[in-house]
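Next comes coords.csv, a file with CSV, N, CA, C and O atoms.
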```csv
chain,number,residue,atom,x,y,z
A,281,MET,N,-60.5,-38.3,39.1
A,281,MET,CA,-60.7,-38.3,40.6
A,281,MET,C,-62.2,-38.2,40.9
A,281,MET,O,-62.9,-37.4,40.3
A,282,THR,N,-62.6,-39.0,41.8
A,282,THR,CA,-64.0,-38.9,42.3
A,282,THR,C,-64.2,-37.6,43.1
A,282,THR,O,-63.4,-37.2,43.9
A,283,ASN,N,-65.4,-37.0,42.8
A,283,ASN,CA,-65.8,-35.8,43.6
A,283,ASN,C,-66.3,-36.3,44.9
A,283,ASN,O,-67.3,-37.0,45.0
A,284,LEU,N,-65.7,-35.8,46.0
A,284,LEU,CA,-66.1,-36.2,47.4
A,284,LEU,C,-66.5,-34.9,48.1
A,284,LEU,O,-65.7,-34.4,49.0
A,285,PRO,N,-67.6,-34.3,47.8
A,285,PRO,CA,-67.9,-33.0,48.3
A,285,PRO,C,-68.0,-32.8,49.8
A,285,PRO,O,-67.9,-31.7,50.4
A,286,ARG,N,-68.3,-33.9,50.5
A,286,ARG,CA,-68.5,-33.8,52.0
A,286,ARG,C,-67.2,-34.0,52.7
A,286,ARG,O,-67.1,-33.9,54.0
A,287,TRP,N,-66.1,-34.4,52.1
A,287,TRP,CA,-64.9,-34.7,52.8
A,287,TRP,C,-64.1,-33.4,53.1
A,287,TRP,O,-64.2,-32.5,52.4
A,288,ALA,N,-63.4,-33.5,54.2
A,288,ALA,CA,-62.8,-32.2,54.7
A,288,ALA,C,-61.9,-31.6,53.7
A,288,ALA,O,-61.8,-30.3,53.6
A,289,TRP,N,-61.1,-32.3,52.9
A,289,TRP,CA,-60.2,-31.6,52.0
A,289,TRP,C,-60.8,-31.1,50.8
A,289,TRP,O,-60.2,-30.5,50.0
A,290,ASN,N,-62.2,-31.2,50.7
A,290,ASN,CA,-62.9,-30.5,49.7
A,290,ASN,C,-63.7,-29.3,50.2
A,290,ASN,O,-64.6,-28.8,49.6
A,291,LYS,N,-63.3,-28.9,51.4
A,291,LYS,CA,-63.9,-27.7,52.0
A,291,LYS,C,-62.8,-26.6,52.0
A,291,LYS,O,-61.6,-26.9,52.2
A,292,THR,N,-63.3,-25.4,51.9
A,292,THR,CA,-62.3,-24.2,52.1
A,292,THR,C,-62.1,-24.0,53.6
A,292,THR,O,-62.8,-24.5,54.4
A,293,GLU,N,-61.1,-23.3,53.9
A,293,GLU,CA,-60.8,-22.9,55.3
A,293,GLU,C,-62.0,-22.3,55.9
A,293,GLU,O,-62.3,-22.5,57.1
A,294,ALA,N,-62.6,-21.4,55.2
A,294,ALA,CA,-63.8,-20.6,55.7
A,294,ALA,C,-64.9,-21.6,56.0
A,294,ALA,O,-65.6,-21.5,57.0
A,295,GLU,N,-65.2,-22.6,55.1
A,295,GLU,CA,-66.2,-23.5,55.4
A,295,GLU,C,-65.9,-24.4,56.6
A,295,GLU,O,-66.8,-24.7,57.4
A,296,ILE,N,-64.7,-24.8,56.7
A,296,ILE,CA,-64.3,-25.6,57.9
A,296,ILE,C,-64.5,-24.8,59.2
A,296,ILE,O,-65.1,-25.3,60.2
A,297,GLU,N,-64.1,-23.6,59.1
A,297,GLU,CA,-64.2,-22.7,60.3
A,297,GLU,C,-65.7,-22.5,60.7
A,297,GLU,O,-66.0,-22.5,61.9
A,298,GLU,N,-66.5,-22.3,59.7
A,298,GLU,CA,-68.0,-22.1,60.0
A,298,GLU,C,-68.6,-23.4,60.6
A,298,GLU,O,-69.3,-23.3,61.6
A,299,ILE,N,-68.2,-24.6,60.1
A,299,ILE,CA,-68.7,-25.8,60.7
A,299,ILE,C,-68.2,-26.0,62.1
A,299,ILE,O,-69.0,-26.3,63.0
A,300,LEU,N,-66.9,-25.7,62.4
A,300,LEU,CA,-66.4,-25.8,63.7
A,300,LEU,C,-67.1,-24.8,64.7
A,300,LEU,O,-67.4,-25.2,65.8
A,301,SER,N,-67.3,-23.6,64.2
A,301,SER,CA,-67.9,-22.6,65.1
A,301,SER,C,-69.3,-23.0,65.5
A,301,SER,O,-69.8,-22.7,66.6
A,302,LYS,N,-70.0,-23.7,64.6
A,302,LYS,CA,-71.4,-24.1,64.9
A,302,LYS,C,-71.4,-25.1,66.1
A,302,LYS,O,-72.4,-25.2,66.8
A,303,HIS,N,-70.3,-25.9,66.1
A,303,HIS,CA,-70.3,-27.0,67.2
A,303,HIS,C,-69.8,-26.5,68.5
A,303,HIS,O,-70.0,-27.1,69.5
A,304,GLY,N,-69.2,-25.3,68.6
A,304,GLY,CA,-68.7,-24.8,69.8
A,304,GLY,C,-67.6,-25.6,70.5
A,304,GLY,O,-66.9,-26.3,69.8
A,305,ARG,N,-67.5,-25.5,71.8
A,305,ARG,CA,-66.3,-26.1,72.5
A,305,ARG,C,-66.6,-27.5,72.8
A,305,ARG,O,-67.7,-27.9,73.3
A,306,HIS,N,-65.6,-28.4,72.6
A,306,HIS,CA,-65.6,-29.8,73.0
A,306,HIS,C,-64.3,-30.1,73.6
A,306,HIS,O,-63.3,-29.5,73.2
A,307,LYS,N,-64.3,-30.9,74.6
A,307,LYS,CA,-63.0,-31.3,75.3
A,307,LYS,C,-62.1,-32.2,74.4
A,307,LYS,O,-60.9,-32.1,74.4
A,308,ILE,N,-62.8,-33.0,73.5
A,308,ILE,CA,-62.0,-33.9,72.7
A,308,ILE,C,-62.5,-33.7,71.2
A,308,ILE,O,-63.7,-33.7,71.0
A,309,VAL,N,-61.5,-33.6,70.3
A,309,VAL,CA,-61.8,-33.4,68.9
A,309,VAL,C,-61.0,-34.4,68.1
A,309,VAL,O,-59.8,-34.7,68.4
A,310,ALA,N,-61.6,-35.0,67.1
A,310,ALA,CA,-60.9,-35.9,66.2
A,310,ALA,C,-61.1,-35.5,64.8
A,310,ALA,O,-62.2,-35.1,64.4
A,311,SER,N,-60.0,-35.4,64.0
A,311,SER,CA,-60.1,-35.0,62.7
A,311,SER,C,-59.2,-35.9,61.8
A,311,SER,O,-58.3,-36.5,62.4
A,312,HIS,N,-59.4,-35.9,60.5
A,312,HIS,CA,-58.5,-36.6,59.7
A,312,HIS,C,-57.1,-35.9,59.6
A,312,HIS,O,-56.1,-36.5,59.9
A,313,ALA,N,-57.1,-34.7,59.2
A,313,ALA,CA,-55.9,-33.9,59.1
A,313,ALA,C,-55.6,-33.2,60.4
A,313,ALA,O,-56.4,-33.0,61.2
A,314,PRO,N,-54.3,-32.9,60.6
A,314,PRO,CA,-53.9,-32.2,61.9
A,314,PRO,C,-54.1,-30.7,61.7
A,314,PRO,O,-54.3,-30.2,60.7
A,315,PRO,N,-54.0,-30.0,62.9
A,315,PRO,CA,-54.0,-28.6,62.8
A,315,PRO,C,-52.7,-28.1,62.1
A,315,PRO,O,-51.6,-28.7,62.3
A,316,ARG,N,-52.8,-27.0,61.4
A,316,ARG,CA,-51.6,-26.5,60.6
A,316,ARG,C,-50.5,-26.2,61.6
A,316,ARG,O,-50.6,-25.6,62.6
A,317,GLY,N,-49.3,-26.7,61.2
A,317,GLY,CA,-48.1,-26.4,61.9
A,317,GLY,C,-47.8,-27.3,63.1
A,317,GLY,O,-46.8,-27.2,63.8
A,318,LEU,N,-48.7,-28.3,63.3
A,318,LEU,CA,-48.5,-29.3,64.4
A,318,LEU,C,-48.6,-30.7,63.9
A,318,LEU,O,-49.7,-31.1,63.4
A,319,LEU,N,-47.5,-31.4,63.9
A,319,LEU,CA,-47.5,-32.8,63.4
A,319,LEU,C,-48.1,-33.0,62.0
A,319,LEU,O,-48.8,-33.9,61.7
A,320,ASP,N,-47.8,-32.0,61.1
A,320,ASP,CA,-48.4,-32.0,59.8
A,320,ASP,C,-47.4,-31.9,58.7
A,320,ASP,O,-47.7,-31.4,57.6
A,321,GLY,N,-46.2,-32.6,58.8
A,321,GLY,CA,-45.3,-32.6,57.8
A,321,GLY,C,-44.8,-31.2,57.4
A,321,GLY,O,-44.3,-30.4,58.3
A,322,ASN,N,-45.0,-30.8,56.2
A,322,ASN,CA,-44.6,-29.4,55.8
A,322,ASN,C,-45.8,-28.5,55.7
A,322,ASN,O,-46.1,-28.0,54.6
A,323,ASN,N,-46.4,-28.3,56.8
A,323,ASN,CA,-47.6,-27.4,56.9
A,323,ASN,C,-48.8,-27.9,56.0
A,323,ASN,O,-49.3,-27.1,55.3
A,324,TYR,N,-49.1,-29.2,56.0
A,324,TYR,CA,-50.2,-29.7,55.3
A,324,TYR,C,-51.5,-29.7,56.1
A,324,TYR,O,-52.5,-30.1,55.7
A,325,GLY,N,-51.4,-29.2,57.4
A,325,GLY,CA,-52.6,-29.2,58.3
A,325,GLY,C,-53.6,-28.1,57.9
A,325,GLY,O,-53.4,-27.3,56.9
A,326,VAL,N,-54.6,-28.0,58.7
A,326,VAL,CA,-55.7,-27.1,58.5
A,326,VAL,C,-55.6,-25.9,59.5
A,326,VAL,O,-55.6,-26.0,60.7
A,327,SER,N,-55.5,-24.7,58.9
A,327,SER,CA,-55.4,-23.5,59.7
A,327,SER,C,-56.6,-23.2,60.6
A,327,SER,O,-56.6,-22.7,61.7
A,328,ALA,N,-57.8,-23.6,60.0
A,328,ALA,CA,-59.1,-23.4,60.8
A,328,ALA,C,-59.0,-24.2,62.1
A,328,ALA,O,-59.6,-23.8,63.1
A,329,TYR,N,-58.3,-25.4,62.1
A,329,TYR,CA,-58.2,-26.2,63.3
A,329,TYR,C,-57.4,-25.4,64.3
A,329,TYR,O,-57.7,-25.5,65.5
A,330,ARG,N,-56.3,-24.8,63.9
A,330,ARG,CA,-55.5,-24.0,64.8
A,330,ARG,C,-56.3,-22.8,65.4
A,330,ARG,O,-56.2,-22.6,66.6
A,331,ARG,N,-57.1,-22.2,64.6
A,331,ARG,CA,-58.0,-21.1,65.2
A,331,ARG,C,-59.0,-21.6,66.1
A,331,ARG,O,-59.3,-21.0,67.2
A,332,TYR,N,-59.6,-22.8,65.8
A,332,TYR,CA,-60.5,-23.4,66.8
A,332,TYR,C,-59.8,-23.7,68.1
A,332,TYR,O,-60.4,-23.4,69.2
A,333,ILE,N,-58.6,-24.3,68.1
A,333,ILE,CA,-57.9,-24.6,69.3
A,333,ILE,C,-57.7,-23.3,70.1
A,333,ILE,O,-57.9,-23.3,71.3
A,334,LYS,N,-57.3,-22.2,69.5
A,334,LYS,CA,-57.0,-21.0,70.2
A,334,LYS,C,-58.3,-20.4,70.8
A,334,LYS,O,-58.3,-19.9,71.9
A,335,ARG,N,-59.4,-20.5,70.0
A,335,ARG,CA,-60.7,-19.9,70.5
A,335,ARG,C,-61.4,-20.8,71.6
A,335,ARG,O,-61.8,-20.3,72.6
A,336,PHE,N,-61.4,-22.1,71.3
A,336,PHE,CA,-62.2,-23.0,72.2
A,336,PHE,C,-61.4,-23.8,73.2
A,336,PHE,O,-62.0,-24.4,74.1
A,337,GLN,N,-60.1,-23.9,73.0
A,337,GLN,CA,-59.2,-24.6,73.8
A,337,GLN,C,-59.7,-26.0,74.3
A,337,GLN,O,-59.9,-26.3,75.4
A,338,PRO,N,-59.8,-26.9,73.3
A,338,PRO,CA,-60.1,-28.3,73.6
A,338,PRO,C,-58.9,-28.9,74.4
A,338,PRO,O,-57.8,-28.4,74.3
A,339,GLU,N,-59.2,-29.9,75.2
A,339,GLU,CA,-58.1,-30.6,75.9
A,339,GLU,C,-57.3,-31.5,75.1
A,339,GLU,O,-56.1,-31.6,75.2
A,340,TYR,N,-58.0,-32.2,74.1
A,340,TYR,CA,-57.3,-33.2,73.3
A,340,TYR,C,-57.7,-33.1,71.9
A,340,TYR,O,-58.9,-32.9,71.6
A,341,TRP,N,-56.8,-33.3,71.0
A,341,TRP,CA,-57.1,-33.4,69.5
A,341,TRP,C,-56.4,-34.6,68.9
A,341,TRP,O,-55.2,-34.8,69.1
A,342,PHE,N,-57.1,-35.5,68.3
A,342,PHE,CA,-56.6,-36.7,67.7
A,342,PHE,C,-56.7,-36.5,66.1
A,342,PHE,O,-57.7,-36.1,65.6
A,343,CYS,N,-55.6,-36.9,65.5
A,343,CYS,CA,-55.6,-36.8,64.0
A,343,CYS,C,-54.7,-37.9,63.5
A,343,CYS,O,-54.1,-38.6,64.2
A,344,GLY,N,-54.6,-37.9,62.2
A,344,GLY,CA,-53.7,-38.8,61.5
A,344,GLY,C,-53.2,-38.2,60.2
A,344,GLY,O,-52.7,-37.1,60.2
A,345,HIS,N,-53.5,-38.8,59.1
A,345,HIS,CA,-53.2,-38.2,57.7
A,345,HIS,C,-51.7,-38.1,57.4
A,345,HIS,O,-51.3,-38.6,56.4
A,346,ILE,N,-51.0,-37.5,58.2
A,346,ILE,CA,-49.5,-37.3,57.9
A,346,ILE,C,-48.8,-38.4,58.6
A,346,ILE,O,-48.4,-38.4,59.8
A,347,HIS,N,-48.5,-39.5,57.9
A,347,HIS,CA,-48.0,-40.7,58.4
A,347,HIS,C,-46.6,-40.5,59.1
A,347,HIS,O,-46.3,-41.2,60.0
A,348,GLU,N,-45.8,-39.6,58.5
A,348,GLU,CA,-44.5,-39.4,59.0
A,348,GLU,C,-44.4,-38.6,60.3
A,348,GLU,O,-43.3,-38.5,60.9
A,349,ASP,N,-45.5,-38.0,60.7
A,349,ASP,CA,-45.4,-37.1,61.9
A,349,ASP,C,-46.2,-37.7,63.1
A,349,ASP,O,-46.8,-37.0,63.8
A,350,HIS,N,-46.1,-39.0,63.2
A,350,HIS,CA,-46.8,-39.7,64.4
A,350,HIS,C,-46.1,-39.1,65.6
A,350,HIS,O,-45.0,-38.8,65.7
A,351,GLY,N,-47.0,-38.9,66.7
A,351,GLY,CA,-46.4,-38.3,67.9
A,351,GLY,C,-47.4,-37.4,68.6
A,351,GLY,O,-48.6,-37.4,68.3
A,352,GLU,N,-46.8,-36.5,69.4
A,352,GLU,CA,-47.7,-35.6,70.1
A,352,GLU,C,-47.1,-34.2,70.2
A,352,GLU,O,-45.8,-34.0,70.0
A,353,ALA,N,-47.9,-33.2,70.3
A,353,ALA,CA,-47.5,-31.8,70.4
A,353,ALA,C,-48.5,-31.1,71.3
A,353,ALA,O,-49.5,-31.7,71.7
A,354,ALA,N,-48.3,-29.9,71.7
A,354,ALA,CA,-49.2,-29.1,72.5
A,354,ALA,C,-49.2,-27.7,72.1
A,354,ALA,O,-48.2,-27.1,71.7
A,355,THR,N,-50.4,-27.0,72.2
A,355,THR,CA,-50.5,-25.6,72.0
A,355,THR,C,-51.8,-25.1,72.6
A,355,THR,O,-52.8,-25.8,72.7
A,356,ASP,N,-51.7,-23.9,73.2
A,356,ASP,CA,-52.9,-23.3,73.8
A,356,ASP,C,-53.7,-24.2,74.7
A,356,ASP,O,-54.9,-24.2,74.7
A,357,GLY,N,-52.9,-25.0,75.5
A,357,GLY,CA,-53.6,-25.9,76.5
A,357,GLY,C,-54.2,-27.2,75.9
A,357,GLY,O,-54.8,-27.9,76.6
A,358,CYS,N,-53.9,-27.4,74.6
A,358,CYS,CA,-54.5,-28.6,74.0
A,358,CYS,C,-53.3,-29.6,73.6
A,358,CYS,O,-52.3,-29.2,73.1
A,359,LEU,N,-53.5,-30.8,74.0
A,359,LEU,CA,-52.6,-31.9,73.6
A,359,LEU,C,-53.1,-32.5,72.3
A,359,LEU,O,-54.2,-32.9,72.1
A,360,ILE,N,-52.2,-32.5,71.3
A,360,ILE,CA,-52.5,-33.0,69.9
A,360,ILE,C,-51.7,-34.3,69.7
A,360,ILE,O,-50.5,-34.4,70.0
A,361,PHE,N,-52.4,-35.3,69.2
A,361,PHE,CA,-51.9,-36.6,69.0
A,361,PHE,C,-52.1,-37.0,67.5
A,361,PHE,O,-53.2,-37.1,67.1
A,362,ASN,N,-51.0,-37.2,66.8
A,362,ASN,CA,-51.1,-37.8,65.5
A,362,ASN,C,-51.0,-39.3,65.7
A,362,ASN,O,-49.9,-39.8,66.0
A,363,VAL,N,-52.0,-40.0,65.5
A,363,VAL,CA,-52.1,-41.5,65.9
A,363,VAL,C,-52.0,-42.4,64.6
A,363,VAL,O,-52.3,-43.6,64.7
A,364,CYS,N,-51.5,-41.9,63.5
A,364,CYS,CA,-51.4,-42.7,62.3
A,364,CYS,C,-50.4,-43.8,62.6
A,364,CYS,O,-49.3,-43.7,63.0
A,365,ALA,N,-50.9,-45.0,62.3
A,365,ALA,CA,-50.2,-46.2,62.6
A,365,ALA,C,-49.4,-46.8,61.4
A,365,ALA,O,-48.3,-47.3,61.6
A,366,GLN,N,-49.9,-46.6,60.2
A,366,GLN,CA,-49.3,-47.3,59.1
A,366,GLN,C,-48.3,-46.4,58.4
A,366,GLN,O,-48.3,-45.1,58.5
A,367,ASN,N,-47.4,-47.0,57.6
A,367,ASN,CA,-46.5,-46.2,56.8
A,367,ASN,C,-47.2,-45.6,55.6
A,367,ASN,O,-48.4,-45.8,55.4
A,368,ARG,N,-46.6,-44.7,54.9
A,368,ARG,CA,-47.2,-43.9,53.8
A,368,ARG,C,-47.8,-44.8,52.8
A,368,ARG,O,-48.8,-44.5,52.1
A,369,GLU,N,-47.2,-46.0,52.5
A,369,GLU,CA,-47.7,-46.9,51.5
A,369,GLU,C,-48.8,-47.8,52.0
A,369,GLU,O,-49.3,-48.6,51.2
A,370,TYR,N,-49.1,-47.8,53.2
A,370,TYR,CA,-50.1,-48.7,53.8
A,370,TYR,C,-49.7,-50.1,53.8
A,370,TYR,O,-50.6,-51.0,53.7
A,371,THR,N,-48.4,-50.4,53.8
A,371,THR,CA,-48.0,-51.8,53.6
A,371,THR,C,-47.6,-52.4,55.0
A,371,THR,O,-47.4,-53.6,55.0
A,372,LYS,N,-47.3,-51.6,56.0
A,372,LYS,CA,-47.0,-52.1,57.3
A,372,LYS,C,-47.3,-51.1,58.4
A,372,LYS,O,-47.4,-49.9,58.1
A,373,PHE,N,-47.4,-51.6,59.6
A,373,PHE,CA,-47.5,-50.7,60.7
A,373,PHE,C,-46.2,-50.2,61.1
A,373,PHE,O,-45.2,-50.9,61.4
A,374,ALA,N,-46.0,-48.9,61.0
A,374,ALA,CA,-44.8,-48.2,61.2
A,374,ALA,C,-44.7,-47.5,62.6
A,374,ALA,O,-43.6,-47.2,63.1
A,375,ASN,N,-45.8,-47.3,63.2
A,375,ASN,CA,-45.9,-46.6,64.5
A,375,ASN,C,-46.6,-47.5,65.5
A,375,ASN,O,-47.6,-48.1,65.2
A,376,PRO,N,-46.3,-47.4,66.8
A,376,PRO,CA,-47.0,-48.1,67.8
A,376,PRO,C,-48.3,-47.5,68.1
A,376,PRO,O,-48.6,-46.4,67.8
A,377,PRO,N,-49.2,-48.3,68.6
A,377,PRO,CA,-50.5,-47.7,69.0
A,377,PRO,C,-50.4,-46.6,70.0
A,377,PRO,O,-49.4,-46.6,70.8
A,378,THR,N,-51.3,-45.7,70.0
A,378,THR,CA,-51.2,-44.6,70.9
A,378,THR,C,-52.2,-44.9,72.1
A,378,THR,O,-53.3,-45.1,71.9
A,379,VAL,N,-51.6,-44.9,73.3
A,379,VAL,CA,-52.4,-45.2,74.5
A,379,VAL,C,-52.3,-44.0,75.4
A,379,VAL,O,-51.2,-43.5,75.7
A,380,ILE,N,-53.4,-43.4,75.8
A,380,ILE,CA,-53.5,-42.2,76.6
A,380,ILE,C,-54.3,-42.5,77.8
A,380,ILE,O,-55.5,-42.9,77.7
A,381,ASP,N,-53.8,-42.3,79.0
A,381,ASP,CA,-54.5,-42.5,80.2
A,381,ASP,C,-55.1,-41.1,80.6
A,381,ASP,O,-54.4,-40.1,80.8
A,382,LEU,N,-56.4,-41.1,80.6
A,382,LEU,CA,-57.2,-39.9,81.0
A,382,LEU,C,-57.6,-39.9,82.4
A,382,LEU,O,-57.9,-40.9,83.0
```
So that I can check it, write out the structure of this file as structure tokens.
Amino acid sequence: MTNLPRWAWNKTEAEIEEILSKHGRHKIVASHAPPRGLLDGNNYGVSAYRRYIKRFQPEYWFCGHIHEDHGEAATDGCLIFNVCAQNREYTKFANPPTVIDL
């Protein structure tokens, strides 16, 4: 496997949390993986993202990665959208586009 040191899944929870804390509050956040426990299959999400949501309360969070959990959820005043469009095998579009009126 190729070493991809800058990619999110090659960071520890502590490293991700440190990066997020440096950026402070934003109304809209986009990440590859979802926050842990929200639209993340069997808890494949990132716990540091959940802590960021609790601390900074962004309004919207967009993610993908977990193809089977397309949809939306909410926690701590944040709307989370898993916008993954393709099936797990990347062979067809399995989910409709996500359109959000702001």
If you measure from atom O of A:Arg330 to atom CA of A:Arg368, what distance in Å do you get, rounded to one decimal? 26.4 Å
Among the residues A:Asn362, A:Ser327, A:Ser301, A:Asn290, the one that comes closest to A:Gly344 [using all atoms listed in the file]: A:Asn362
Using the chain letters and numbers from this document, which residues of stretch 291-330 of chain A does DSSP assign to alpha helix (DSSP H), as a PyMOL selection string? chain A and resi 293-303+327-330
So that I can see what lies close to A:His312, please list as a compact mmCIF listing (two decimals) with N, CA, C and O atoms, in the frame of the given file the residues with an atom at most 8 Å from it, counting only C-alpha atoms and leaving out residues fewer than 2 positions away in the same chain.
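As a result, around.txt now contains:
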```txt
# COMPACT_ATOMS: atom_id res chain seq x y z
N ALA A 288 -63.40 -33.50 54.20
CA ALA A 288 -62.80 -32.20 54.70
C ALA A 288 -61.90 -31.60 53.70
O ALA A 288 -61.80 -30.30 53.60
N ALA A 310 -61.60 -35.00 67.10
CA ALA A 310 -60.90 -35.90 66.20
C ALA A 310 -61.10 -35.50 64.80
O ALA A 310 -62.20 -35.10 64.40
N PRO A 314 -54.30 -32.90 60.60
CA PRO A 314 -53.90 -32.20 61.90
C PRO A 314 -54.10 -30.70 61.70
O PRO A 314 -54.30 -30.20 60.70
N CYS A 343 -55.60 -36.90 65.50
CA CYS A 343 -55.60 -36.80 64.00
C CYS A 343 -54.70 -37.90 63.50
O CYS A 343 -54.10 -38.60 64.20
N GLY A 344 -54.60 -37.90 62.20
CA GLY A 344 -53.70 -38.80 61.50
C GLY A 344 -53.20 -38.20 60.20
O GLY A 344 -52.70 -37.10 60.20
N HIS A 345 -53.50 -38.80 59.10
CA HIS A 345 -53.20 -38.20 57.70
C HIS A 345 -51.70 -38.10 57.40
O HIS A 345 -51.30 -38.60 56.40
```
So, counting all atoms listed in the file, which residue among A:Leu359, A:Ile308, A:Ala365, A:Ile296 is closest to A:Tyr329? A:Ile296
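The two atoms in question, atom CA of A:Pro377 and atom N of A:Phe361, are spaced 12.5 Å apart.
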As a PyMOL selection string, please: the residues near A:Lys307 (cut-off 5 Å, all atoms listed in the file, same-chain neighbours under 5 positions excluded). chain A and resi 338-340
Work out how far atom N of A:Tyr324 is from atom C of A:Glu298, in Å to one decimal. 20.9 Å
Using only N, CA, C and O atoms, find the one residue out of A:Leu319, A:Ile346, A:Ala313, A:Ala328 that sits nearest to A:Ala294.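 Looking only at the distances to A:Ala294, the closest residue turns out to be A:Ala328.
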When distances are computed from only C-alpha atoms, which of A:Ser311, A:Arg331, A:Leu300, A:His347 shows the smallest separation from A:Lys372?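 Of A:Ser311, A:Arg331, A:Leu300, A:His347, the one nearest A:Lys372, counting only C-alpha atoms, is A:His347.
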